[in-house]
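The next block holds one structure in the form of structure tokens; read it before the comments.
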Amino acid sequence: MTIRKTIKRMKAVLSLILAGGMLAAPVVADEPATFTIKAIKDVNVRLYGFIENDVINDSTQNSKFAEEPDNNLIAKPNTYAGAHHRTIMSIRNSRLGFDVTMPKTDFGLASEGIFEMDFLGNSAPNTLPTSGAPGAQPERDFYNNPAVRIRHAYVNLTDGMWNAKIGQTWSLLGWQPYYFPSEAIPQPAVGQLYRRFAQVRVTHTLTIADAWTLETAVDAAKPAEMNSGNTEDHAGIRFASTKWKAAAGIGSGLPLVGLSAALSGAWVPVRTGTLGNSNGSAVAADLLIPIIPSKDGTDPSNNLSLTAEYSNGRGIGGVELAGLTGGIAGVTDPSSGAIDSGIAGLSNGLLDLIHSQTWRSNLTYVFPGATWSTSAGYAEASILNMDDYGTNAGYAPRMQYYYVNGMFMPLSWLRFALEWAQTKDTYNDVNARFAYNNRIQFTTYLTF
């Protein structure tokens, strides 16, 4: 065989290998990427996450607004901040996680460890960059060199119908994250139950006729106010279909969630030395309806879903409802220290838990082909006992939130989103009753 013929054959083989690789790439890319740790036989580690870039323009300037709008109040229209725009460009909501699956034991125990982080942490005493303040971090470091923050870190144990979660993960109040809205913004937004904390949870799942599941769960969790000396406790029940599903909760992913209804509750102990003691509580009801369900339970194409949530509780503002204070000042007890804002205020010199009520709804439609999707929703949060704290013009007893967005997904791992959202705050101020913020956001996700 001549050298020339050998080179030709090598080129042909190489061309076939490259062509086969290119043809196979789209299929492989949709499969989970795992690698094995050899020290323990059959241990698999899945690496996952996404790179997110947000371009955000707000019609007002709020010292507490960053990527997450939360339930923070809007600057009033008769102020400089209320009359000027602001633009943010950020990658801080990018995420990295590890799912470690251990070998199943001979008696049927399945165990895994979840460790997930993002970059929405803070590396200085000031939560947000504050120009000129002592010890403040500059915007350069806040956005360009963000601090790593732990989102989830827990052990997941499953034995038949029983499951235990030990560590930091989602709150059971609202059965998070099953009923999260389909938004491009880094969540949470107004009126959304959203919290992660250390806990010990036990869940029992009963399968009914191979088409439904009935989940019941209880947990003991990190208290909202550590000087309470008692854990914060939750309980919930959830009835869900395993077959009638639709795409919901679109952000960096495209999950299919089954028709379901859920109830949950929380008990929140709050203790002080001299200002009084109180036990907060909350209830939440959630619903997901696949109006146009997936044709096979796996295909998100031509799916229409409705999600809705209602909550009512005392002592959960600023905790389960991030940033929700209504403008009420936090409580500091001379003998037991400060309580996080949003949980309580002072009424006639005594501890008074803030009573909040929220509700929200979201419609999500994925077009045929699952390349385009759109969603729209409304939410509001109210402080029901605002009169207990007086008629301060800086108090806002009601917040409302509207949004609509569209998402383009040319590849399973690449997507682009554009969203418009408006927040409306109702203040006690007779001279500036309403404040508005209009947000336009463009986001790029690369998931893996």
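Identifiers in the structure tokens: chain A, B, ... in order shown; residue index from 1 per chain; ligand index from 1 in order shown.
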- Item | Contacts of Pro368 (chain A) at 12 Å (only C-alpha atoms; same-chain gap of 5+ positions) as a VMD selection string | chain A and resid 292 294 to 295 299 to 304 373 to 374
Just write the chosen residues, C-alpha atoms, as a CSV table (one decimal), in the first residue's frame.
chain,number,residue,atom,x,y,z
A,292,ILE,CA,-53.5,22.2,27.3
A,294,SER,CA,-48.4,17.6,27.2
A,295,LYS,CA,-49.5,14.9,24.7
A,299,ASP,CA,-43.2,17.0,25.3
A,300,PRO,CA,-43.6,20.7,26.3
A,301,SER,CA,-44.8,21.6,22.8
A,302,ASN,CA,-48.2,23.3,22.6
A,303,ASN,CA,-48.6,23.4,26.4
A,304,LEU,CA,-50.8,25.9,28.3
A,373,SER,CA,-42.9,30.5,24.8
A,374,THR,CA,-44.8,33.3,26.5
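Residues in contact with Leu214 (chain A) at 6 Å, where only C-alpha atoms are counted and same-chain residues fewer than 4 positions away are skipped, are listed as Thr205, Leu206, Arg238 and Phe239 of chain A.
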With the cut-off set at 10 Å and counting only C-alpha atoms, tabulate each residue of region 104-215 of chain A with an atom at most that distance from an atom of region 307-328 of chain A, showing the nearest atom pair and its distance in Å to one decimal, ordered by chain and increasing number, as a Markdown table.
| residue | atom | partner | partner_atom | distance |
| --- | --- | --- | --- | --- |
| A:Ser171 | CA | A:Glu320 | CA | 8.0 |
| A:Leu173 | CA | A:Glu320 | CA | 8.1 |
| A:Gly174 | CA | A:Glu309 | CA | 7.6 |
| A:Tyr178 | CA | A:Thr307 | CA | 9.3 |
| A:Tyr179 | CA | A:Thr307 | CA | 6.2 |
| A:Phe180 | CA | A:Thr307 | CA | 7.9 |
| A:Pro181 | CA | A:Thr307 | CA | 7.2 |
| A:Ser182 | CA | A:Thr307 | CA | 9.3 |
| A:Gln187 | CA | A:Ala322 | CA | 9.8 |
| A:Pro188 | CA | A:Ala322 | CA | 7.3 |
| A:Ala189 | CA | A:Ala322 | CA | 8.3 |
| A:Val190 | CA | A:Leu321 | CA | 8.1 |
| A:Gly191 | CA | A:Leu321 | CA | 6.8 |
| A:Gln192 | CA | A:Leu321 | CA | 6.3 |
| A:Leu193 | CA | A:Leu321 | CA | 5.3 |
| A:Tyr194 | CA | A:Glu320 | CA | 5.5 |
| A:Arg195 | CA | A:Glu320 | CA | 5.3 |
| A:Arg196 | CA | A:Glu320 | CA | 8.6 |
Can you write just those residues out, C-alpha atoms, as a compact mmCIF listing (two decimals), in the first residue's frame?
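Output (part_31.txt):
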# COMPACT_ATOMS: atom_id res chain seq x y z
CA SER A 171 -39.50 25.89 52.18
CA LEU A 173 -44.79 26.68 52.75
CA GLY A 174 -46.24 26.99 49.25
CA TYR A 178 -43.58 23.53 42.15
CA TYR A 179 -45.72 26.66 41.75
CA PHE A 180 -43.15 29.31 40.86
CA PRO A 181 -44.20 31.70 38.07
CA SER A 182 -42.72 31.63 34.58
CA GLN A 187 -36.96 35.53 41.46
CA PRO A 188 -38.65 36.31 43.79
CA ALA A 189 -40.99 39.10 42.79
CA VAL A 190 -43.93 40.71 44.60
CA GLY A 191 -46.20 38.34 46.51
CA GLN A 192 -44.13 35.19 45.88
CA LEU A 193 -43.43 32.72 48.67
CA TYR A 194 -39.72 32.07 48.25
CA ARG A 195 -37.26 30.81 50.84
CA ARG A 196 -34.50 28.28 51.44
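Between CA of Ser382 (chain A) and CA of Asn230 (chain A) there is a distance of 27.7 Å.
Checking A:Asn72, A:Thr371, A:Gln199, A:Thr391 one by one against Thr423 (chain A), counting only C-alpha atoms, you find the shortest gap at A:Asn72.
Checking A:Gly113, A:Asn279, A:Pro186, A:His234 one by one against Leu157 (chain A), counting only C-alpha atoms, you find the shortest gap at A:Gly113.
DSSP on the backbone gives helix (DSSP H, G or I) for these parts of region 83-218 of chain A: Ala83, Glu139, Arg140, Asp141, Phe142, Tyr143 and Asn144 of chain A.
One distance worth recording is that between CA of Ala235 (chain A) and CA of Thr272 (chain A), which is 25.4 Å.
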- Message: Applying 8 Å and only C-alpha atoms, which residues near Arg271 (chain A) remain after dropping the ones on its own chain fewer than 5 positions away? List them as a count of residues only.
- Response: 7
